[in-house]
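Structure below is protein12.pdb: PDB, C-alpha atoms and all ligand atoms.
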MODEL        1
ATOM      1  CA  MET J   1     -19.643 112.750  76.497
ATOM      2  CA  PHE J   2     -16.153 113.901  75.567
ATOM      3  CA  LYS J   3     -15.450 114.446  79.285
ATOM      4  CA  ASN J   4     -12.658 111.862  79.490
ATOM      5  CA  SER J   5     -10.932 113.048  76.329
ATOM      6  CA  ILE J   6      -7.153 113.342  76.336
ATOM      7  CA  TRP J   7      -5.352 116.291  74.723
ATOM      8  CA  PHE J   8      -1.948 116.083  73.063
ATOM      9  CA  ASN J   9      -0.537 119.518  72.258
ATOM     10  CA  LEU J  10       2.501 118.960  70.063
ATOM     11  CA  HIS J  11       5.052 121.387  68.802
ATOM     12  CA  GLU J  12       5.715 119.395  65.640
ATOM     13  CA  THR J  13       4.462 116.152  64.106
ATOM     14  CA  GLU J  14       4.167 114.618  60.639
ATOM     15  CA  SER J  15       0.405 114.961  60.587
ATOM     16  CA  THR J  16      -2.037 115.158  63.486
ATOM     17  CA  ASN J  17      -4.260 112.596  61.712
ATOM     18  CA  SER J  18      -1.324 110.185  61.384
ATOM     19  CA  PHE J  19      -0.397 110.782  65.041
ATOM     20  CA  LEU J  20      -3.860 109.698  66.173
ATOM     21  CA  HIS J  21      -3.749 106.684  63.832
ATOM     22  CA  GLU J  22      -0.543 105.542  65.505
ATOM     23  CA  GLN J  23      -1.900 106.111  69.009
ATOM     24  CA  LEU J  24      -4.984 104.058  68.135
ATOM     25  CA  MET J  25      -2.794 101.136  67.049
ATOM     26  CA  SER J  26      -1.629 100.698  70.633
ATOM     27  CA  GLU J  27      -4.617 101.878  72.714
ATOM     28  CA  LYS J  28      -8.251 102.902  72.429
ATOM     29  CA  LEU J  29      -8.169 106.565  73.347
ATOM     30  CA  PRO J  30     -11.233 108.011  75.102
ATOM     31  CA  GLU J  31     -13.802 109.381  72.670
ATOM     32  CA  GLY J  32     -13.214 113.009  71.745
ATOM     33  CA  SER J  33      -9.447 112.828  72.315
ATOM     34  CA  VAL J  34      -7.577 115.501  70.429
ATOM     35  CA  VAL J  35      -4.158 116.283  69.079
ATOM     36  CA  THR J  36      -3.068 119.755  68.035
ATOM     37  CA  ALA J  37       0.260 120.787  66.534
ATOM     38  CA  ASP J  38       2.020 124.044  65.788
ATOM     39  CA  TYR J  39       3.569 122.532  62.686
ATOM     40  CA  GLN J  40       3.110 119.457  60.486
ATOM     41  CA  THR J  41       6.027 118.159  58.413
ATOM     42  CA  LYS J  42       3.695 116.032  56.230
ATOM     43  CA  GLY J  43       0.273 117.630  56.603
ATOM     44  CA  ARG J  44      -2.252 115.713  54.539
ATOM     45  CA  GLY J  45      -5.228 116.965  52.535
ATOM     46  CA  GLN J  46      -8.077 115.316  50.689
ATOM     47  CA  ARG J  47      -7.462 112.927  47.803
ATOM     48  CA  GLY J  48      -3.747 112.522  48.484
ATOM     49  CA  SER J  49      -2.917 116.229  48.453
ATOM     50  CA  SER J  50      -0.728 117.924  51.040
ATOM     51  CA  TRP J  51      -1.781 120.575  53.557
ATOM     52  CA  GLN J  52       0.687 123.417  53.975
ATOM     53  CA  SER J  53       0.543 125.601  57.043
ATOM     54  CA  GLU J  54       3.141 128.061  58.334
ATOM     55  CA  ALA J  55       4.559 127.096  61.754
ATOM     56  CA  GLY J  56       2.653 128.440  64.740
ATOM     57  CA  LYS J  57       0.125 130.439  62.730
ATOM     58  CA  ASN J  58      -2.874 128.203  62.296
ATOM     59  CA  LEU J  59      -5.067 125.585  63.919
ATOM     60  CA  LEU J  60      -4.055 122.027  63.076
ATOM     61  CA  MET J  61      -6.183 119.577  64.994
ATOM     62  CA  SER J  62      -7.473 116.009  64.848
ATOM     63  CA  ILE J  63     -10.119 114.344  66.961
ATOM     64  CA  VAL J  64     -11.151 110.699  67.341
ATOM     65  CA  VAL J  65     -14.711 109.459  67.747
ATOM     66  CA  TYR J  66     -16.267 105.990  67.720
ATOM     67  CA  PRO J  67     -19.527 106.321  65.780
ATOM     68  CA  ASP J  68     -20.602 102.688  66.234
ATOM     69  CA  PHE J  69     -24.236 103.779  65.817
ATOM     70  CA  LEU J  70     -23.592 104.768  62.175
ATOM     71  CA  LYS J  71     -23.522 102.489  59.144
ATOM     72  CA  ALA J  72     -20.524 103.018  56.869
ATOM     73  CA  SER J  73     -23.016 104.292  54.241
ATOM     74  CA  GLU J  74     -24.066 107.054  56.677
ATOM     75  CA  ALA J  75     -20.518 108.258  57.283
ATOM     76  CA  PHE J  76     -21.027 111.515  55.392
ATOM     77  CA  VAL J  77     -23.351 112.842  58.132
ATOM     78  CA  LEU J  78     -20.380 112.931  60.478
ATOM     79  CA  SER J  79     -18.423 114.918  57.920
ATOM     80  CA  LYS J  80     -21.342 117.384  57.834
ATOM     81  CA  CYS J  81     -21.166 117.702  61.633
ATOM     82  CA  ILE J  82     -17.459 118.583  61.540
ATOM     83  CA  ALA J  83     -18.064 121.127  58.765
ATOM     84  CA  LEU J  84     -20.913 122.732  60.743
ATOM     85  CA  ALA J  85     -18.843 122.844  63.948
ATOM     86  CA  THR J  86     -16.087 124.631  61.988
ATOM     87  CA  CYS J  87     -18.582 127.080  60.448
ATOM     88  CA  ASP J  88     -19.970 127.940  63.886
ATOM     89  CA  LEU J  89     -16.449 128.656  65.123
ATOM     90  CA  LEU J  90     -15.690 130.919  62.175
ATOM     91  CA  ALA J  91     -19.033 132.723  62.504
ATOM     92  CA  ASP J  92     -17.325 134.720  65.303
ATOM     93  CA  TYR J  93     -15.105 136.272  62.630
ATOM     94  CA  SER J  94     -17.291 136.533  59.511
ATOM     95  CA  ASN J  95     -20.906 136.247  58.424
ATOM     96  CA  GLN J  96     -19.786 135.002  55.019
ATOM     97  CA  VAL J  97     -18.791 131.455  56.024
ATOM     98  CA  ARG J  98     -19.943 128.718  53.636
ATOM     99  CA  ILE J  99     -19.336 125.011  53.062
ATOM    100  CA  LYS J 100     -18.128 124.125  49.608
ATOM    101  CA  TRP J 101     -19.290 120.546  49.057
ATOM    102  CA  PRO J 102     -18.210 118.189  50.390
ATOM    103  CA  ASN J 103     -16.411 119.929  53.258
ATOM    104  CA  ASP J 104     -14.167 122.828  52.332
ATOM    105  CA  ILE J 105     -14.873 125.888  54.424
ATOM    106  CA  LEU J 106     -14.892 129.223  52.626
ATOM    107  CA  ILE J 107     -14.965 132.817  53.769
ATOM    108  CA  GLU J 108     -16.182 135.147  51.022
ATOM    109  CA  GLY J 109     -15.544 132.436  48.428
ATOM    110  CA  LYS J 110     -11.959 131.677  49.503
ATOM    111  CA  LYS J 111     -10.836 128.526  51.309
ATOM    112  CA  VAL J 112     -10.077 129.187  54.976
ATOM    113  CA  ALA J 113     -10.270 125.628  56.301
ATOM    114  CA  GLY J 114     -10.024 122.042  55.139
ATOM    115  CA  ILE J 115     -11.287 118.820  56.689
ATOM    116  CA  LEU J 116      -9.844 115.341  56.287
ATOM    117  CA  ILE J 117     -12.055 112.523  57.572
ATOM    118  CA  GLU J 118     -10.488 109.086  57.851
ATOM    119  CA  ASN J 119     -12.548 106.076  58.883
ATOM    120  CA  ILE J 120     -10.863 103.034  60.399
ATOM    121  CA  LEU J 121     -13.038 100.089  59.385
ATOM    122  CA  ARG J 122     -13.477  96.724  61.077
ATOM    123  CA  GLY J 123     -15.198  94.642  58.417
ATOM    124  CA  ALA J 124     -18.135  96.707  57.147
ATOM    125  CA  ASP J 125     -18.369  98.787  60.334
ATOM    126  CA  ILE J 126     -16.651 102.014  61.266
ATOM    127  CA  TYR J 127     -14.429 101.306  64.271
ATOM    128  CA  ALA J 128     -13.099 104.827  64.663
ATOM    129  CA  THR J 129     -13.209 108.094  62.784
ATOM    130  CA  ILE J 130     -10.336 110.533  62.807
ATOM    131  CA  ALA J 131     -11.417 114.011  61.770
ATOM    132  CA  GLY J 132      -8.581 116.401  60.949
ATOM    133  CA  ILE J 133      -9.293 120.096  60.670
ATOM    134  CA  GLY J 134      -6.896 122.737  59.420
ATOM    135  CA  ILE J 135      -8.036 126.345  59.858
ATOM    136  CA  ASN J 136      -5.972 129.226  58.528
ATOM    137  CA  PHE J 137      -6.117 131.790  61.304
ATOM    138  CA  ASN J 138      -3.067 134.050  61.326
ATOM    139  CA  GLN J 139      -1.138 133.172  58.151
ATOM    140  CA  GLN J 140      -0.648 136.220  55.953
ATOM    141  CA  VAL J 141       0.973 134.802  52.837
ATOM    142  CA  PHE J 142       0.094 131.662  50.890
ATOM    143  CA  GLU J 143       2.075 129.791  48.256
ATOM    144  CA  VAL J 144       1.751 131.012  44.692
ATOM    145  CA  GLY J 145      -0.910 128.784  43.151
ATOM    146  CA  LEU J 146      -3.015 128.840  46.291
ATOM    147  CA  ASN J 147      -4.646 132.107  45.348
ATOM    148  CA  SER J 148      -8.023 130.816  46.425
ATOM    149  CA  ALA J 149      -6.712 130.469  50.016
ATOM    150  CA  THR J 150      -7.377 132.951  52.779
ATOM    151  CA  SER J 151      -7.086 133.225  56.545
ATOM    152  CA  VAL J 152      -9.163 134.791  59.296
ATOM    153  CA  PHE J 153      -6.486 137.482  59.641
ATOM    154  CA  ILE J 154      -6.449 138.318  55.920
ATOM    155  CA  ASN J 155     -10.228 138.458  55.913
ATOM    156  CA  SER J 156     -10.948 140.293  59.148
ATOM    157  CA  GLY J 157      -7.664 141.749  60.421
ATOM    158  CA  VAL J 158      -8.163 139.881  63.703
ATOM    159  CA  LYS J 159      -5.301 137.873  65.249
ATOM    160  CA  ALA J 160      -6.802 134.786  66.840
ATOM    161  CA  ASP J 161      -5.538 132.504  69.609
ATOM    162  CA  THR J 162      -5.389 129.060  68.015
ATOM    163  CA  GLN J 163      -5.455 127.123  71.302
ATOM    164  CA  ILE J 164      -8.580 128.912  72.541
ATOM    165  CA  ASN J 165     -10.167 128.164  69.182
ATOM    166  CA  ALA J 166      -9.171 124.504  69.476
ATOM    167  CA  VAL J 167     -11.111 124.279  72.756
ATOM    168  CA  LYS J 168     -14.150 126.016  71.213
ATOM    169  CA  LEU J 169     -14.036 123.774  68.154
ATOM    170  CA  HIS J 170     -13.924 120.716  70.414
ATOM    171  CA  GLU J 171     -17.061 121.992  72.192
ATOM    172  CA  ASN J 172     -18.814 122.662  68.877
ATOM    173  CA  ILE J 173     -17.966 119.182  67.586
ATOM    174  CA  GLU J 174     -19.351 117.686  70.787
ATOM    175  CA  VAL J 175     -22.660 119.541  70.261
ATOM    176  CA  TYR J 176     -23.081 118.264  66.696
ATOM    177  CA  TYR J 177     -21.877 114.757  67.596
ATOM    178  CA  GLN J 178     -24.548 114.634  70.286
ATOM    179  CA  MET J 179     -27.168 115.658  67.694
ATOM    180  CA  LEU J 180     -25.936 112.805  65.528
ATOM    181  CA  GLN J 181     -26.150 110.311  68.389
ATOM    182  CA  GLN J 182     -29.695 111.512  68.998
ATOM    183  CA  LYS J 183     -30.406 110.796  65.292
ATOM    184  CA  LYS J 184     -31.289 114.422  64.550
ATOM    185  CA  ILE J 185     -30.175 113.820  60.980
ATOM    186  CA  GLU J 186     -32.820 116.032  59.358
ATOM    187  CA  GLU J 187     -31.732 118.962  61.503
ATOM    188  CA  ILE J 188     -28.073 118.393  60.572
ATOM    189  CA  ASP J 189     -29.008 118.133  56.869
ATOM    190  CA  ARG J 190     -31.035 121.337  57.089
ATOM    191  CA  LEU J 191     -28.196 123.266  58.737
ATOM    192  CA  TYR J 192     -25.691 121.904  56.223
ATOM    193  CA  LEU J 193     -27.851 123.162  53.340
ATOM    194  CA  THR J 194     -28.201 126.619  54.891
ATOM    195  CA  HIS J 195     -24.374 126.871  54.751
ATOM    196  CA  LEU J 196     -23.903 125.274  51.328
ATOM    197  CA  TYR J 197     -21.958 127.439  48.874
ATOM    198  CA  LYS J 198     -23.813 128.226  45.620
ATOM    199  CA  LEU J 199     -26.980 126.400  46.598
ATOM    200  CA  ASN J 200     -29.643 127.248  43.975
ATOM    201  CA  GLU J 201     -27.292 129.704  42.246
ATOM    202  CA  THR J 202     -26.287 129.367  38.612
ATOM    203  CA  ALA J 203     -22.631 128.324  38.501
ATOM    204  CA  LEU J 204     -20.071 126.916  36.108
ATOM    205  CA  PHE J 205     -19.172 123.252  36.662
ATOM    206  CA  LYS J 206     -16.913 120.780  34.925
ATOM    207  CA  ASP J 207     -17.481 117.045  34.622
ATOM    208  CA  ALA J 208     -15.999 114.329  32.379
ATOM    209  CA  ASP J 209     -17.908 115.797  29.388
ATOM    210  CA  GLY J 210     -16.560 119.332  29.913
ATOM    211  CA  PRO J 211     -17.850 122.603  31.359
ATOM    212  CA  PHE J 212     -21.539 123.350  31.833
ATOM    213  CA  GLN J 213     -23.861 125.755  33.655
ATOM    214  CA  GLY J 214     -26.011 124.385  36.419
ATOM    215  CA  LYS J 215     -27.382 124.829  39.900
ATOM    216  CA  ILE J 216     -26.716 122.843  43.062
ATOM    217  CA  LYS J 217     -30.102 121.620  44.289
ATOM    218  CA  GLY J 218     -28.981 119.674  47.363
ATOM    219  CA  LEU J 219     -27.484 116.347  48.373
ATOM    220  CA  SER J 220     -28.671 112.756  48.088
ATOM    221  CA  PRO J 221     -28.988 110.723  51.323
ATOM    222  CA  MET J 222     -25.544 109.228  50.538
ATOM    223  CA  GLY J 223     -24.019 112.711  50.260
ATOM    224  CA  LEU J 224     -23.842 112.900  46.456
ATOM    225  CA  LEU J 225     -24.242 116.353  44.911
ATOM    226  CA  ILE J 226     -27.477 116.996  42.991
ATOM    227  CA  VAL J 227     -26.856 119.409  40.121
ATOM    228  CA  GLU J 228     -29.599 120.657  37.804
ATOM    229  CA  ARG J 229     -28.536 121.457  34.263
ATOM    230  CA  GLU J 230     -30.002 124.272  32.160
ATOM    231  CA  ASN J 231     -32.329 121.765  30.429
ATOM    232  CA  GLY J 232     -33.833 120.881  33.815
ATOM    233  CA  GLU J 233     -32.170 117.448  34.050
ATOM    234  CA  LYS J 234     -30.785 116.550  37.454
ATOM    235  CA  HIS J 235     -27.534 114.589  37.829
ATOM    236  CA  LEU J 236     -25.908 113.041  40.877
ATOM    237  CA  TYR J 237     -22.171 113.430  41.318
ATOM    238  CA  ASP J 238     -19.553 111.844  43.515
ATOM    239  CA  VAL J 239     -16.699 114.074  44.646
ATOM    240  CA  LYS J 240     -14.220 112.889  41.996
ATOM    241  CA  GLU J 241     -16.709 113.402  39.164
ATOM    242  CA  ILE J 242     -17.355 117.136  39.272
ATOM    243  CA  SER J 243     -15.658 120.403  40.078
ATOM    244  CA  LEU J 244     -17.090 123.834  40.609
ATOM    245  CA  VAL J 245     -15.236 126.252  38.336
ATOM    246  CA  ARG J 246     -16.901 129.448  39.594
TER
HETATM  247  C1  LIG E 301      -8.226 119.433  52.531
HETATM  248  O1  LIG E 301      -8.935 120.421  52.355
HETATM  249  O2  LIG E 301      -7.569 118.949  51.600
HETATM  250  C2  LIG E 301      -8.169 118.809  53.902
HETATM  251  C3  LIG E 301      -7.086 119.401  54.733
HETATM  252  C4  LIG E 301      -7.041 118.856  56.137
HETATM  253  C5  LIG E 301      -5.868 119.406  56.916
HETATM  254  C6  LIG E 301      -5.864 118.989  58.353
HETATM  255  S1  LIG E 301      -4.653 119.833  59.290
HETATM  256  C7  LIG E 301      -4.900 118.772  60.642
HETATM  257  C8  LIG E 301      -5.097 117.387  60.063
HETATM  258  N1  LIG E 301      -3.809 116.727  59.873
HETATM  259  C9  LIG E 301      -3.565 116.511  58.565
HETATM  260  O3  LIG E 301      -2.526 115.969  58.133
HETATM  261  N2  LIG E 301      -4.559 116.959  57.816
HETATM  262  C10 LIG E 301      -5.624 117.519  58.626
ENDMDL
END
Produce structure tokens that represent the structure in this file.
Ligand code: BTN
Amino acid sequence: MFKNSIWFNLHETESTNSFLHEQLMSEKLPEGSVVTADYQTKGRGQRGSSWQSEAGKNLLMSIVVYPDFLKASEAFVLSKCIALATCDLLADYSNQVRIKWPNDILIEGKKVAGILIENILRGADIYATIAGIGINFNQQVFEVGLNSATSVFINSGVKADTQINAVKLHENIEVYYQMLQQKKIEEIDRLYLTHLYKLNETALFKDADGPFQGKIKGLSPMGLLIVERENGEKHLYDVKEISLVR
């Protein structure tokens, strides 16, 4: 499936996602092609944020796939696959790996990895998806203000080889992508829920009306978060509409 994929291992680039974008402007890379970098000068995070990562310490990787069998409305399933592939990789280092909806990866409640999915559309269809994954492996110190960040090393004391992990992650993504192609959506949904942080636990949330207690009950087919309030009412939230306080 990904057998013809090309690997670019870069010392430095602006952003591995942007690098793949540019490559795709001039040629259609084989499915599963990957770029890794030791350092990004303009690493990008979700919702316009930046992604900081000390040079040579962590895994910075992007992969391109062509999910022409998916409708744009089903795109979130692919995001679930990338999150699950990342969880499986990190399961070698901790049994406390969870997905914080939509796709932050936590170890013991602290963010160890982030995922940035970018779809290139042609009309209403997804032409290509670039999935960028940043995993904090060996970084020991994070910027003040990022006190919810951790790394595999901080958590487990193990120094990991980022390039070996890149190869394993690629294999894991291939496994989940194959499940997706085989339309094993229910299985993917089930696995996603088994990893979901705070599922069915009382937690403090904040929406446009302020803070409230509630419980995550699952996800809608479109990937919206279902939260049950203390009065039993269930609400659906898009990612910009709610935050989990603790
Ligand atoms: C987030 O949690 O905000 C998403 C972070 C995604 C970071 C990765 S690192 C590799 C790839 N290149 C980027 O510029 N971003 C993603």
What would the list of residues within 9 Å of (-1.4, 116.4, 64.9) (file frame) look like as a PyMOL selection string, if all atoms listed in the file are what count?
chain J and resi 8-10+12-20+34-40+43+60-62+132
Which residues match the PyMOL selection byres (((chain J and resi 242) around 9) and not hetatm) in the file above, as a PDB file with C-alpha atoms, in the frame of the given file?
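Produced file selection.pdb, reproduced below:
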ATOM      1  CA  PHE J 205     -19.172 123.252  36.662  1.00  0.00           C
ATOM      2  CA  LYS J 206     -16.913 120.780  34.925  1.00  0.00           C
ATOM      3  CA  ASP J 207     -17.481 117.045  34.622  1.00  0.00           C
ATOM      4  CA  ALA J 208     -15.999 114.329  32.379  1.00  0.00           C
ATOM      5  CA  LEU J 225     -24.242 116.353  44.911  1.00  0.00           C
ATOM      6  CA  TYR J 237     -22.171 113.430  41.318  1.00  0.00           C
ATOM      7  CA  ASP J 238     -19.553 111.844  43.515  1.00  0.00           C
ATOM      8  CA  VAL J 239     -16.699 114.074  44.646  1.00  0.00           C
ATOM      9  CA  LYS J 240     -14.220 112.889  41.996  1.00  0.00           C
ATOM     10  CA  GLU J 241     -16.709 113.402  39.164  1.00  0.00           C
ATOM     11  CA  SER J 243     -15.658 120.403  40.078  1.00  0.00           C
ATOM     12  CA  LEU J 244     -17.090 123.834  40.609  1.00  0.00           C
TER      13      LEU J 244
END
When the PyMOL selection byres (((chain J and resi 1) around 12) and not hetatm) is applied to the structure above, which residues does it catch, written out as a PyMOL selection string?
chain J and resi 2-5+30-33+65-66+170-171+173-179+181
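Minimum distance to ligand LIG 301 (chain E) across J:Glu27, J:Glu233, J:Glu54, J:Asp125 (counting all atoms listed in the file) occurs at J:Glu54.
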Which neighbours of Asn136 of chain J fall inside 10 Å, counting all atoms listed in the file, when residues of the same chain fewer than 5 positions from it are skipped, and could you give them as a PDB file with C-alpha atoms, in the coordinates of the input?
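Result file result-v4.pdb:
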ATOM      1  CA  GLN J  52       0.687 123.417  53.975  1.00  0.00           C
ATOM      2  CA  SER J  53       0.543 125.601  57.043  1.00  0.00           C
ATOM      3  CA  GLU J  54       3.141 128.061  58.334  1.00  0.00           C
ATOM      4  CA  LYS J  57       0.125 130.439  62.730  1.00  0.00           C
ATOM      5  CA  ASN J  58      -2.874 128.203  62.296  1.00  0.00           C
ATOM      6  CA  LEU J  59      -5.067 125.585  63.919  1.00  0.00           C
ATOM      7  CA  LEU J  60      -4.055 122.027  63.076  1.00  0.00           C
ATOM      8  CA  LYS J 111     -10.836 128.526  51.309  1.00  0.00           C
ATOM      9  CA  VAL J 112     -10.077 129.187  54.976  1.00  0.00           C
ATOM     10  CA  ALA J 113     -10.270 125.628  56.301  1.00  0.00           C
ATOM     11  CA  GLY J 114     -10.024 122.042  55.139  1.00  0.00           C
ATOM     12  CA  ALA J 149      -6.712 130.469  50.016  1.00  0.00           C
ATOM     13  CA  THR J 150      -7.377 132.951  52.779  1.00  0.00           C
ATOM     14  CA  SER J 151      -7.086 133.225  56.545  1.00  0.00           C
ATOM     15  CA  VAL J 152      -9.163 134.791  59.296  1.00  0.00           C
ATOM     16  CA  PHE J 153      -6.486 137.482  59.641  1.00  0.00           C
ATOM     17  CA  ILE J 154      -6.449 138.318  55.920  1.00  0.00           C
ATOM     18  CA  THR J 162      -5.389 129.060  68.015  1.00  0.00           C
TER      19      THR J 162
END
To one decimal in Å, tell me the separation between atom CA of Val144 of chain J and atom CA of Trp51 of chain J.
14.1 Å
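Put simply, atom CA of Ile117 of chain J is 8.2 Å away from atom C10 of ligand LIG 301 (chain E).
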Might you pull out every residue within 9 Å of Ile120 of chain J, with only C-alpha atoms counted and same-chain residues fewer than 3 positions away left off, and present them as a CSV table (one decimal) with C-alpha atoms, in the frame of the given file?
chain,number,residue,atom,x,y,z
J,21,HIS,CA,-3.7,106.7,63.8
J,125,ASP,CA,-18.4,98.8,60.3
J,126,ILE,CA,-16.7,102.0,61.3
J,127,TYR,CA,-14.4,101.3,64.3
J,128,ALA,CA,-13.1,104.8,64.7
J,129,THR,CA,-13.2,108.1,62.8
J,130,ILE,CA,-10.3,110.5,62.8
Return as a PDB file with C-alpha atoms, in the frame of the given file the set of residues that the PyMOL selection byres (((chain J and resi 72-84) around 10) and not hetatm) yields on the displayed structure.
ATOM      1  CA  VAL J  65     -14.711 109.459  67.747  1.00  0.00           C
ATOM      2  CA  PRO J  67     -19.527 106.321  65.780  1.00  0.00           C
ATOM      3  CA  ASP J  68     -20.602 102.688  66.234  1.00  0.00           C
ATOM      4  CA  PHE J  69     -24.236 103.779  65.817  1.00  0.00           C
ATOM      5  CA  LEU J  70     -23.592 104.768  62.175  1.00  0.00           C
ATOM      6  CA  LYS J  71     -23.522 102.489  59.144  1.00  0.00           C
ATOM      7  CA  ALA J  85     -18.843 122.844  63.948  1.00  0.00           C
ATOM      8  CA  THR J  86     -16.087 124.631  61.988  1.00  0.00           C
ATOM      9  CA  CYS J  87     -18.582 127.080  60.448  1.00  0.00           C
ATOM     10  CA  ASP J  88     -19.970 127.940  63.886  1.00  0.00           C
ATOM     11  CA  LEU J  89     -16.449 128.656  65.123  1.00  0.00           C
ATOM     12  CA  LEU J  90     -15.690 130.919  62.175  1.00  0.00           C
ATOM     13  CA  ARG J  98     -19.943 128.718  53.636  1.00  0.00           C
ATOM     14  CA  ILE J  99     -19.336 125.011  53.062  1.00  0.00           C
ATOM     15  CA  LYS J 100     -18.128 124.125  49.608  1.00  0.00           C
ATOM     16  CA  TRP J 101     -19.290 120.546  49.057  1.00  0.00           C
ATOM     17  CA  PRO J 102     -18.210 118.189  50.390  1.00  0.00           C
ATOM     18  CA  ASN J 103     -16.411 119.929  53.258  1.00  0.00           C
ATOM     19  CA  ASP J 104     -14.167 122.828  52.332  1.00  0.00           C
ATOM     20  CA  ILE J 105     -14.873 125.888  54.424  1.00  0.00           C
ATOM     21  CA  ALA J 113     -10.270 125.628  56.301  1.00  0.00           C
ATOM     22  CA  GLY J 114     -10.024 122.042  55.139  1.00  0.00           C
ATOM     23  CA  ILE J 115     -11.287 118.820  56.689  1.00  0.00           C
ATOM     24  CA  LEU J 116      -9.844 115.341  56.287  1.00  0.00           C
ATOM     25  CA  ILE J 117     -12.055 112.523  57.572  1.00  0.00           C
ATOM     26  CA  GLU J 118     -10.488 109.086  57.851  1.00  0.00           C
ATOM     27  CA  ASN J 119     -12.548 106.076  58.883  1.00  0.00           C
ATOM     28  CA  LEU J 121     -13.038 100.089  59.385  1.00  0.00           C
ATOM     29  CA  ALA J 124     -18.135  96.707  57.147  1.00  0.00           C
ATOM     30  CA  ASP J 125     -18.369  98.787  60.334  1.00  0.00           C
ATOM     31  CA  ILE J 126     -16.651 102.014  61.266  1.00  0.00           C
ATOM     32  CA  TYR J 127     -14.429 101.306  64.271  1.00  0.00           C
ATOM     33  CA  THR J 129     -13.209 108.094  62.784  1.00  0.00           C
ATOM     34  CA  ALA J 131     -11.417 114.011  61.770  1.00  0.00           C
ATOM     35  CA  GLY J 132      -8.581 116.401  60.949  1.00  0.00           C
ATOM     36  CA  ILE J 133      -9.293 120.096  60.670  1.00  0.00           C
ATOM     37  CA  LEU J 169     -14.036 123.774  68.154  1.00  0.00           C
ATOM     38  CA  HIS J 170     -13.924 120.716  70.414  1.00  0.00           C
ATOM     39  CA  ASN J 172     -18.814 122.662  68.877  1.00  0.00           C
ATOM     40  CA  ILE J 173     -17.966 119.182  67.586  1.00  0.00           C
ATOM     41  CA  GLU J 174     -19.351 117.686  70.787  1.00  0.00           C
ATOM     42  CA  VAL J 175     -22.660 119.541  70.261  1.00  0.00           C
ATOM     43  CA  TYR J 176     -23.081 118.264  66.696  1.00  0.00           C
ATOM     44  CA  TYR J 177     -21.877 114.757  67.596  1.00  0.00           C
ATOM     45  CA  GLN J 178     -24.548 114.634  70.286  1.00  0.00           C
ATOM     46  CA  MET J 179     -27.168 115.658  67.694  1.00  0.00           C
ATOM     47  CA  LEU J 180     -25.936 112.805  65.528  1.00  0.00           C
ATOM     48  CA  ILE J 185     -30.175 113.820  60.980  1.00  0.00           C
ATOM     49  CA  ILE J 188     -28.073 118.393  60.572  1.00  0.00           C
ATOM     50  CA  ASP J 189     -29.008 118.133  56.869  1.00  0.00           C
ATOM     51  CA  LEU J 191     -28.196 123.266  58.737  1.00  0.00           C
ATOM     52  CA  TYR J 192     -25.691 121.904  56.223  1.00  0.00           C
ATOM     53  CA  LEU J 193     -27.851 123.162  53.340  1.00  0.00           C
ATOM     54  CA  HIS J 195     -24.374 126.871  54.751  1.00  0.00           C
ATOM     55  CA  PRO J 221     -28.988 110.723  51.323  1.00  0.00           C
ATOM     56  CA  MET J 222     -25.544 109.228  50.538  1.00  0.00           C
ATOM     57  CA  GLY J 223     -24.019 112.711  50.260  1.00  0.00           C
ATOM     58  CA  LEU J 224     -23.842 112.900  46.456  1.00  0.00           C
TER      59      LEU J 224
END
Nearest to ligand LIG 301 (chain E), restricted to only C-alpha atoms and all ligand atoms and choosing among J:Leu29, J:Gln140, J:Ser156, J:Ala166, comes out as J:Ala166
Kindly provide, as AutoDock Vina command-line options, the centre and edge lengths (Å, one decimal) of an axis-aligned box around all atoms of segment 65-83 of chain J given in the file, with 8 Å on each side.
--center_x -19.5 --center_y 111.8 --center_z 61.0 --size_x 25.5 --size_y 34.6 --size_z 29.5
Which residues come within 9 Å of Lys215 of chain J, counting all atoms listed in the file, excluding same-chain residues fewer than 2 positions away, as a ChimeraX atom specification?
/J:198-205,213,217,226-230
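The two atoms in question, atom CA of Gln96 of chain J and atom CA of Glu108 of chain J, are spaced 5.4 Å apart.
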Nearest-residue call for ligand LIG 301 (chain E), choices J:Val141, J:Val158, J:Val245, J:Ala55, using all atoms listed in the file:
J:Ala55
Will you give me segment 152-158 of chain J, written with N, CA and C atoms and laid out as a short mmCIF file (atom, residue, chain, number, x, y, z; two decimals), in the first residue's frame?
data_model
loop_
_atom_site.label_atom_id
_atom_site.label_comp_id
_atom_site.auth_asym_id
_atom_site.auth_seq_id
_atom_site.Cartn_x
_atom_site.Cartn_y
_atom_site.Cartn_z
N VAL J 152 8.32 11.90 26.24
CA VAL J 152 8.51 10.51 26.62
C VAL J 152 9.64 10.43 27.65
N PHE J 153 10.72 11.20 27.42
CA PHE J 153 11.84 11.15 28.36
C PHE J 153 11.44 11.63 29.75
N ILE J 154 10.73 12.77 29.81
CA ILE J 154 10.31 13.29 31.12
C ILE J 154 9.43 12.26 31.81
N ASN J 155 8.56 11.62 31.04
CA ASN J 155 7.61 10.69 31.64
C ASN J 155 8.22 9.36 32.04
N SER J 156 9.13 8.84 31.19
CA SER J 156 9.58 7.47 31.43
C SER J 156 11.08 7.34 31.68
N GLY J 157 11.84 8.42 31.41
CA GLY J 157 13.29 8.35 31.57
C GLY J 157 13.98 7.63 30.42
N VAL J 158 13.21 7.27 29.38
CA VAL J 158 13.80 6.54 28.26
C VAL J 158 14.15 7.51 27.14
#
